[in-house]
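J.: Before I ask anything, let me first share the structure, which is written out below as structure tokens.
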Amino acid sequence: MSDILIRRSHTMTTKAARQAADRIARRLDEEFDLAYEWDDNVLVFRRSGVSGELVVEKKVVHIRVRLGFLLMAIRPRVEAEIHRFFDEHFGPDSGPTV
């Protein structure tokens, strides 16, 4: 297993950030058949070879993606896509959080 951990600050309300995360999850479900469900403000997702959580907090979102052995070779591409999705849905990184 290979983990990708990304923490990103944002300036949205928690409700708006959760809606953005939900848009991401719906898109991933459509494109990659990624099953997901909410557990409070934690979006839990999975499919064969991939699992993880996206946590939505007041000023920050963080994601942990666990890639199975067969997907480890495309880790850089997956990580780049996560950053692109975060830029698109949460805006550019607003810097370190306090």
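How things are named: the first chain in the structure tokens is A, the next is B, and so on; residues count from 1 in each chain; ligands count from 1 in the order shown.
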Do you know which residues are at most 9 Å from Leu43 of chain A counting only C-alpha atoms, after dropping those on the same chain fewer than 3 positions away, and could you put them as a list in words?
T.: Arg18, Ala21, Asp22, Ala25, Tyr36, Glu37, Trp38, Asp39, Asp40, Gly52, Glu53, Leu54, Val55 and Val56 of chain A
J.: Please produce an output containing N, CA and C atoms for each residue in the selection, written as a PDB file, in the first residue's frame.
T.:
ATOM      1  N   ARG A  18     -17.998  21.260   2.177  1.00  0.00           N
ATOM      2  CA  ARG A  18     -18.585  19.921   2.105  1.00  0.00           C
ATOM      3  C   ARG A  18     -19.291  19.718   0.763  1.00  0.00           C
ATOM      4  N   ALA A  21     -16.646  19.046  -1.785  1.00  0.00           N
ATOM      5  CA  ALA A  21     -16.166  17.667  -1.647  1.00  0.00           C
ATOM      6  C   ALA A  21     -17.170  16.689  -2.250  1.00  0.00           C
ATOM      7  N   ASP A  22     -18.437  16.971  -2.064  1.00  0.00           N
ATOM      8  CA  ASP A  22     -19.462  16.104  -2.621  1.00  0.00           C
ATOM      9  C   ASP A  22     -19.440  16.143  -4.158  1.00  0.00           C
ATOM     10  N   ALA A  25     -16.645  13.928  -5.218  1.00  0.00           N
ATOM     11  CA  ALA A  25     -16.995  12.511  -5.069  1.00  0.00           C
ATOM     12  C   ALA A  25     -17.942  12.052  -6.171  1.00  0.00           C
ATOM     13  N   TYR A  36     -18.778   5.993  -2.456  1.00  0.00           N
ATOM     14  CA  TYR A  36     -18.474   6.901  -1.355  1.00  0.00           C
ATOM     15  C   TYR A  36     -19.678   7.063  -0.449  1.00  0.00           C
ATOM     16  N   GLU A  37     -19.392   7.492   0.782  1.00  0.00           N
ATOM     17  CA  GLU A  37     -20.449   7.800   1.747  1.00  0.00           C
ATOM     18  C   GLU A  37     -19.906   8.802   2.749  1.00  0.00           C
ATOM     19  N   TRP A  38     -20.804   9.577   3.320  1.00  0.00           N
ATOM     20  CA  TRP A  38     -20.430  10.566   4.333  1.00  0.00           C
ATOM     21  C   TRP A  38     -20.589   9.974   5.719  1.00  0.00           C
ATOM     22  N   ASP A  39     -19.642  10.256   6.583  1.00  0.00           N
ATOM     23  CA  ASP A  39     -19.722   9.948   8.009  1.00  0.00           C
ATOM     24  C   ASP A  39     -19.424  11.273   8.708  1.00  0.00           C
ATOM     25  N   ASP A  40     -20.485  12.037   8.999  1.00  0.00           N
ATOM     26  CA  ASP A  40     -20.384  13.407   9.510  1.00  0.00           C
ATOM     27  C   ASP A  40     -19.668  14.249   8.446  1.00  0.00           C
ATOM     28  N   GLY A  52      -9.886   5.586   0.856  1.00  0.00           N
ATOM     29  CA  GLY A  52      -9.413   6.774   1.545  1.00  0.00           C
ATOM     30  C   GLY A  52     -10.522   7.581   2.186  1.00  0.00           C
ATOM     31  N   GLU A  53     -10.113   8.727   2.718  1.00  0.00           N
ATOM     32  CA  GLU A  53     -11.036   9.641   3.367  1.00  0.00           C
ATOM     33  C   GLU A  53     -10.670  11.072   2.999  1.00  0.00           C
ATOM     34  N   LEU A  54     -11.703  11.895   2.866  1.00  0.00           N
ATOM     35  CA  LEU A  54     -11.537  13.327   2.681  1.00  0.00           C
ATOM     36  C   LEU A  54     -12.240  13.986   3.852  1.00  0.00           C
ATOM     37  N   VAL A  55     -11.486  14.671   4.705  1.00  0.00           N
ATOM     38  CA  VAL A  55     -12.030  15.297   5.907  1.00  0.00           C
ATOM     39  C   VAL A  55     -12.213  16.788   5.637  1.00  0.00           C
ATOM     40  N   VAL A  56     -13.417  17.280   5.898  1.00  0.00           N
ATOM     41  CA  VAL A  56     -13.739  18.694   5.706  1.00  0.00           C
ATOM     42  C   VAL A  56     -13.812  19.353   7.076  1.00  0.00           C
TER      43      VAL A  56
END
J.: So which residues touch Ile82 of chain A within 12 Å, counting only C-alpha atoms, skipping near sequence neighbours fewer than 3 positions away, as a PyMOL selection string?
T.: chain A and resi 4-8+21+24-25+28+54+61-65+75-79+85-90
J.: Which is closest to Arg66 of chain A among A:Ser2, A:Ala35, A:Pro92, A:Gln19, if we use only C-alpha atoms?
T.: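 Of all the options, A:Ser2 lies closest to Arg66 of chain A.
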J.: Find the residues near Ser48 of chain A: any atom within 9 Å, counting only C-alpha atoms, skip ones fewer than 3 places away on the same chain, and give them as number ranges by chain.
T.: A: 34, 51, 68
J.: Include N, CA and C atoms and write out the residues we just selected as an mmCIF file, in the first residue's frame.
T.:
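Below you can see result.cif, which holds the result:
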data_model
loop_
_atom_site.group_PDB
_atom_site.id
_atom_site.type_symbol
_atom_site.label_atom_id
_atom_site.label_comp_id
_atom_site.auth_asym_id
_atom_site.auth_seq_id
_atom_site.Cartn_x
_atom_site.Cartn_y
_atom_site.Cartn_z
ATOM 1 N N LEU A 34 -16.230 5.008 -8.256
ATOM 2 C CA LEU A 34 -15.721 5.094 -6.893
ATOM 3 C C LEU A 34 -16.897 5.234 -5.930
ATOM 4 N N SER A 51 -8.639 3.311 -1.640
ATOM 5 C CA SER A 51 -9.560 3.675 -0.571
ATOM 6 C C SER A 51 -9.030 4.942 0.086
ATOM 7 N N GLY A 68 -3.442 0.599 -3.798
ATOM 8 C CA GLY A 68 -2.975 -0.778 -3.785
ATOM 9 C C GLY A 68 -1.728 -0.933 -4.639
#
J.: Mind the document's chain letters and residue numbers, and return as a PDB file with C-alpha atoms, in the first residue's frame the residues of segment 25-70 of chain A that DSSP labels strand (DSSP E or B).
T.:
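So out-v6.pdb came out as:
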ATOM      1  CA  ALA A  35     -18.208   4.299  -4.104  1.00  0.00           C
ATOM      2  CA  TYR A  36     -18.474   6.901  -1.355  1.00  0.00           C
ATOM      3  CA  GLU A  37     -20.449   7.800   1.747  1.00  0.00           C
ATOM      4  CA  TRP A  38     -20.430  10.566   4.333  1.00  0.00           C
ATOM      5  CA  ASP A  39     -19.722   9.948   8.009  1.00  0.00           C
ATOM      6  CA  VAL A  42     -15.667  12.717   6.547  1.00  0.00           C
ATOM      7  CA  LEU A  43     -16.141  11.472   3.015  1.00  0.00           C
ATOM      8  CA  VAL A  44     -15.103   7.802   2.882  1.00  0.00           C
ATOM      9  CA  PHE A  45     -14.441   6.367  -0.579  1.00  0.00           C
ATOM     10  CA  ARG A  46     -13.333   3.075  -2.077  1.00  0.00           C
ATOM     11  CA  ARG A  47     -13.045   0.935  -5.147  1.00  0.00           C
ATOM     12  CA  VAL A  50      -8.082   2.486  -3.839  1.00  0.00           C
ATOM     13  CA  SER A  51      -9.560   3.675  -0.571  1.00  0.00           C
ATOM     14  CA  GLY A  52      -9.413   6.774   1.545  1.00  0.00           C
ATOM     15  CA  GLU A  53     -11.036   9.641   3.367  1.00  0.00           C
ATOM     16  CA  LEU A  54     -11.537  13.327   2.681  1.00  0.00           C
ATOM     17  CA  VAL A  55     -12.030  15.297   5.907  1.00  0.00           C
ATOM     18  CA  VAL A  56     -13.739  18.694   5.706  1.00  0.00           C
ATOM     19  CA  VAL A  60      -8.844  22.999   6.023  1.00  0.00           C
ATOM     20  CA  VAL A  61      -9.517  19.861   4.025  1.00  0.00           C
ATOM     21  CA  HIS A  62      -7.260  16.876   4.111  1.00  0.00           C
ATOM     22  CA  ILE A  63      -7.263  13.684   2.175  1.00  0.00           C
ATOM     23  CA  ARG A  64      -5.650  10.303   2.620  1.00  0.00           C
ATOM     24  CA  VAL A  65      -5.652   8.000  -0.377  1.00  0.00           C
ATOM     25  CA  ARG A  66      -4.383   4.445  -0.063  1.00  0.00           C
ATOM     26  CA  LEU A  67      -3.293   2.949  -3.363  1.00  0.00           C
TER      27      LEU A  67
END
J.: Could you state the separation of atom CA of His83 of chain A and atom CA of Ser9 of chain A in Å, given to one decimal place?
T.: 12.1 Å
J.: Interatomic distance between atom CA of Thr11 of chain A and atom CA of Lys58 of chain A?
T.: 8.5 Å
J.: I need the alpha helix (DSSP H) residues of segment 20-61 of chain A per DSSP on the backbone, written as a VMD selection string.
T.: chain A and resid 20 to 32
J.: May I have the residues from that selection written out with C-alpha atoms, as a PDB file, in the first residue's frame?
T.:
ATOM      1  CA  ALA A  20     -17.379  21.015  -3.016  1.00  0.00           C
ATOM      2  CA  ALA A  21     -16.166  17.667  -1.647  1.00  0.00           C
ATOM      3  CA  ASP A  22     -19.462  16.104  -2.621  1.00  0.00           C
ATOM      4  CA  ARG A  23     -19.083  17.415  -6.190  1.00  0.00           C
ATOM      5  CA  ILE A  24     -15.623  15.842  -6.325  1.00  0.00           C
ATOM      6  CA  ALA A  25     -16.995  12.511  -5.069  1.00  0.00           C
ATOM      7  CA  ARG A  26     -19.865  12.485  -7.580  1.00  0.00           C
ATOM      8  CA  ARG A  27     -17.443  13.191 -10.422  1.00  0.00           C
ATOM      9  CA  LEU A  28     -15.091  10.408  -9.285  1.00  0.00           C
ATOM     10  CA  ASP A  29     -18.045   8.040  -9.001  1.00  0.00           C
ATOM     11  CA  GLU A  30     -19.083   8.853 -12.578  1.00  0.00           C
ATOM     12  CA  GLU A  31     -15.569   8.580 -14.021  1.00  0.00           C
ATOM     13  CA  PHE A  32     -14.082   5.723 -11.975  1.00  0.00           C
TER      14      PHE A  32
END
